[in-house]
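Enquirer: Please read through the structure below; I'll follow up with questions.
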Amino acid sequence: MVFAEECAYGAPDASNATSNQHFRKPQRALLPAIPEQEWWTPVAELVARESISIREAATRLKIPIGNEEAANTFRTKGFQRLLRNARQQFYMEIANDPTWSRRTAVGKMLYLIDRLMDAGENDKAVEALLKVARVEGWLSNENTVNVFNSLTDKELEDLKTRAAERVTSSRTSVSSLS
């Protein structure tokens, strides 16, 4: 592109048209990248597992860092990447735990309900208790009627088989009438 140069009074002078080199924004000086430290990985793992601050995690691991360094480290892309990966790894371990069951979930819910009541959050505790009752099958949605609740899997399979036989036999009798 060709732009007019500014003359001595600040107005564009069309007689000296030049490229846009005079109108370019000055380039920002890039901040030096903070190199990844060897202590970042264990700190990120501790932060992910225990939901604590970098400063507290570093103190537990006996790593001497200040508040400003901890804050600057937390904002770096490298540490955020490590923290995200550590959280994903932690969640994957929880999800793959062979002892995880419905009973575990109910137990955790009951524990958290106790903590809510201890904190005086009784209205939230009541809502959570209703959710536990639904998980346990004590309550259901008003619109849902579960007539198969007391049947075993074998009994349910037998009923499905008999229903399928009835459907096929009624189709053959209808087709023979036509």
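By order of appearance in the structure tokens: chains A, B, ..., then residues from 1 within every chain, and ligands from 1 in the order shown.
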Excluding Arg87 of chain A and its own-chain neighbours fewer than 4 positions away, which residues fall within 9 Å of it when counting only C-alpha atoms? Please give them as a tab-separated table (two decimals) with C-alpha atoms, in the first residue's frame.
Expert:
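Once written, result-v9.tsv looks like this:
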chain	number	residue	atom	x	y	z
A	44	ALA	CA	1.37	-29.60	39.89
A	45	GLU	CA	0.52	-33.16	40.97
A	47	VAL	CA	-2.10	-29.08	43.52
A	48	ALA	CA	-4.25	-31.34	41.31
A	49	ARG	CA	-4.77	-34.04	43.94
A	82	LEU	CA	1.40	-29.60	33.58
A	83	LEU	CA	-1.46	-28.88	35.99
A	91	TYR	CA	-9.35	-38.12	37.41
A	92	MET	CA	-8.43	-41.14	35.29
Enquirer: Please list as JSON, numbers by chain every residue within 7 Å of Val43 of chain A, counting only C-alpha atoms and excluding residues in the same chain fewer than 6 positions away.
Expert: {"A": [54, 57, 58]}
Enquirer: What would the file look like if the residues just selected were written as an mmCIF file, in the first residue's frame with N, CA and C atoms?
Expert:
data_model
loop_
_atom_site.group_PDB
_atom_site.id
_atom_site.type_symbol
_atom_site.label_atom_id
_atom_site.label_comp_id
_atom_site.auth_asym_id
_atom_site.auth_seq_id
_atom_site.Cartn_x
_atom_site.Cartn_y
_atom_site.Cartn_z
ATOM 1 N N ILE A 54 -0.201 -23.293 44.858
ATOM 2 C CA ILE A 54 1.184 -23.645 44.510
ATOM 3 C C ILE A 54 2.090 -23.399 45.708
ATOM 4 N N ALA A 57 1.698 -26.169 48.221
ATOM 5 C CA ALA A 57 2.287 -27.404 47.704
ATOM 6 C C ALA A 57 3.807 -27.341 47.758
ATOM 7 N N ALA A 58 4.383 -26.196 47.378
ATOM 8 C CA ALA A 58 5.831 -26.039 47.415
ATOM 9 C C ALA A 58 6.344 -26.113 48.857
#
Enquirer: Can you tell me which residues surround segment 108-117 of chain A at a distance of at most 9 Å, considering only C-alpha atoms, apart from same-chain residues fewer than 4 positions away, and format the answer as a list in words?
Expert: Arg103, Thr104, Glu121, Asn122, Asp123, Lys124, Ala125, Val126, Ala128, Leu129, Lys131 and Val132 of chain A
Enquirer: Mind writing the picked residues with C-alpha atoms as a CSV table (one decimal), in the first residue's frame?
Expert:
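Produced file out26.csv, reproduced below:
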chain,number,residue,atom,x,y,z
A,103,ARG,CA,-22.3,-47.7,47.4
A,104,THR,CA,-19.1,-45.6,47.3
A,121,GLU,CA,-26.3,-25.4,55.3
A,122,ASN,CA,-29.4,-27.4,56.3
A,123,ASP,CA,-31.4,-26.5,53.2
A,124,LYS,CA,-28.7,-27.8,50.9
A,125,ALA,CA,-28.3,-30.9,53.1
A,126,VAL,CA,-32.1,-31.6,52.7
A,128,ALA,CA,-28.8,-33.6,48.9
A,129,LEU,CA,-30.7,-36.2,51.1
A,131,LYS,CA,-30.9,-36.9,45.8
A,132,VAL,CA,-29.5,-39.8,47.9
Enquirer: Mind checking which residues fall within 10 Å of Asn67 of chain A, counting only C-alpha atoms, ignoring those fewer than 6 positions away in the same chain, and posting them as an mmCIF file with N, CA and C atoms, in the first residue's frame?
Expert:
data_model
loop_
_atom_site.group_PDB
_atom_site.id
_atom_site.type_symbol
_atom_site.label_atom_id
_atom_site.label_comp_id
_atom_site.auth_asym_id
_atom_site.auth_seq_id
_atom_site.Cartn_x
_atom_site.Cartn_y
_atom_site.Cartn_z
ATOM 1 N N ILE A 54 -0.201 -23.293 44.858
ATOM 2 C CA ILE A 54 1.184 -23.645 44.510
ATOM 3 C C ILE A 54 2.090 -23.399 45.708
ATOM 4 N N ARG A 55 1.873 -22.291 46.374
ATOM 5 C CA ARG A 55 2.713 -21.927 47.529
ATOM 6 C C ARG A 55 2.631 -23.001 48.602
ATOM 7 N N GLU A 56 1.421 -23.459 48.906
ATOM 8 C CA GLU A 56 1.264 -24.490 49.936
ATOM 9 C C GLU A 56 1.890 -25.812 49.487
ATOM 10 N N THR A 73 4.516 -18.299 38.392
ATOM 11 C CA THR A 73 4.590 -19.669 37.891
ATOM 12 C C THR A 73 3.201 -20.178 37.523
#
Enquirer: Do you know which residues are at most 12 Å from Phe79 of chain A counting only C-alpha atoms, after dropping those on the same chain fewer than 2 positions away, and could you put them as an NGL selection string?
Expert: :A and (33-45 or 47-48 or 54 or 70-77 or 81-86)
Enquirer: Looking at A:Val135, A:Ala95, A:Glu157, A:Gln80, which one is nearest to Gly107 of chain A, with distances taken over only C-alpha atoms?
Expert: A:Val135
Enquirer: Quick one: pick out all alpha helix (DSSP H) residues within segment 48-175 of chain A from a backbone DSSP run and write them as a VMD selection string.
Expert: chain A and resid 48 to 50 54 to 60 67 to 75 77 to 95 102 to 118 122 to 136 153 to 175
Enquirer: Report, in Å with one decimal, the straight-line distance from atom CA of Pro64 of chain A to atom CA of Phe90 of chain A.
Expert: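 A separation of 25.4 Å between them.
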Enquirer: From the set A:Thr161, A:Gln88, A:Pro98, A:Ala105, which residue has the shortest atom-to-atom contact distance to Glu136 of chain A, counting only C-alpha atoms?
Expert: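 Nearest to Glu136 of chain A: A:Ala105.
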Enquirer: How many Å lie between atom CA of Val106 of chain A and atom CA of Asp118 of chain A, rounded to one decimal?
Expert: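 Taking atom CA of Val106 of chain A and atom CA of Asp118 of chain A, their separation equals 18.4 Å.
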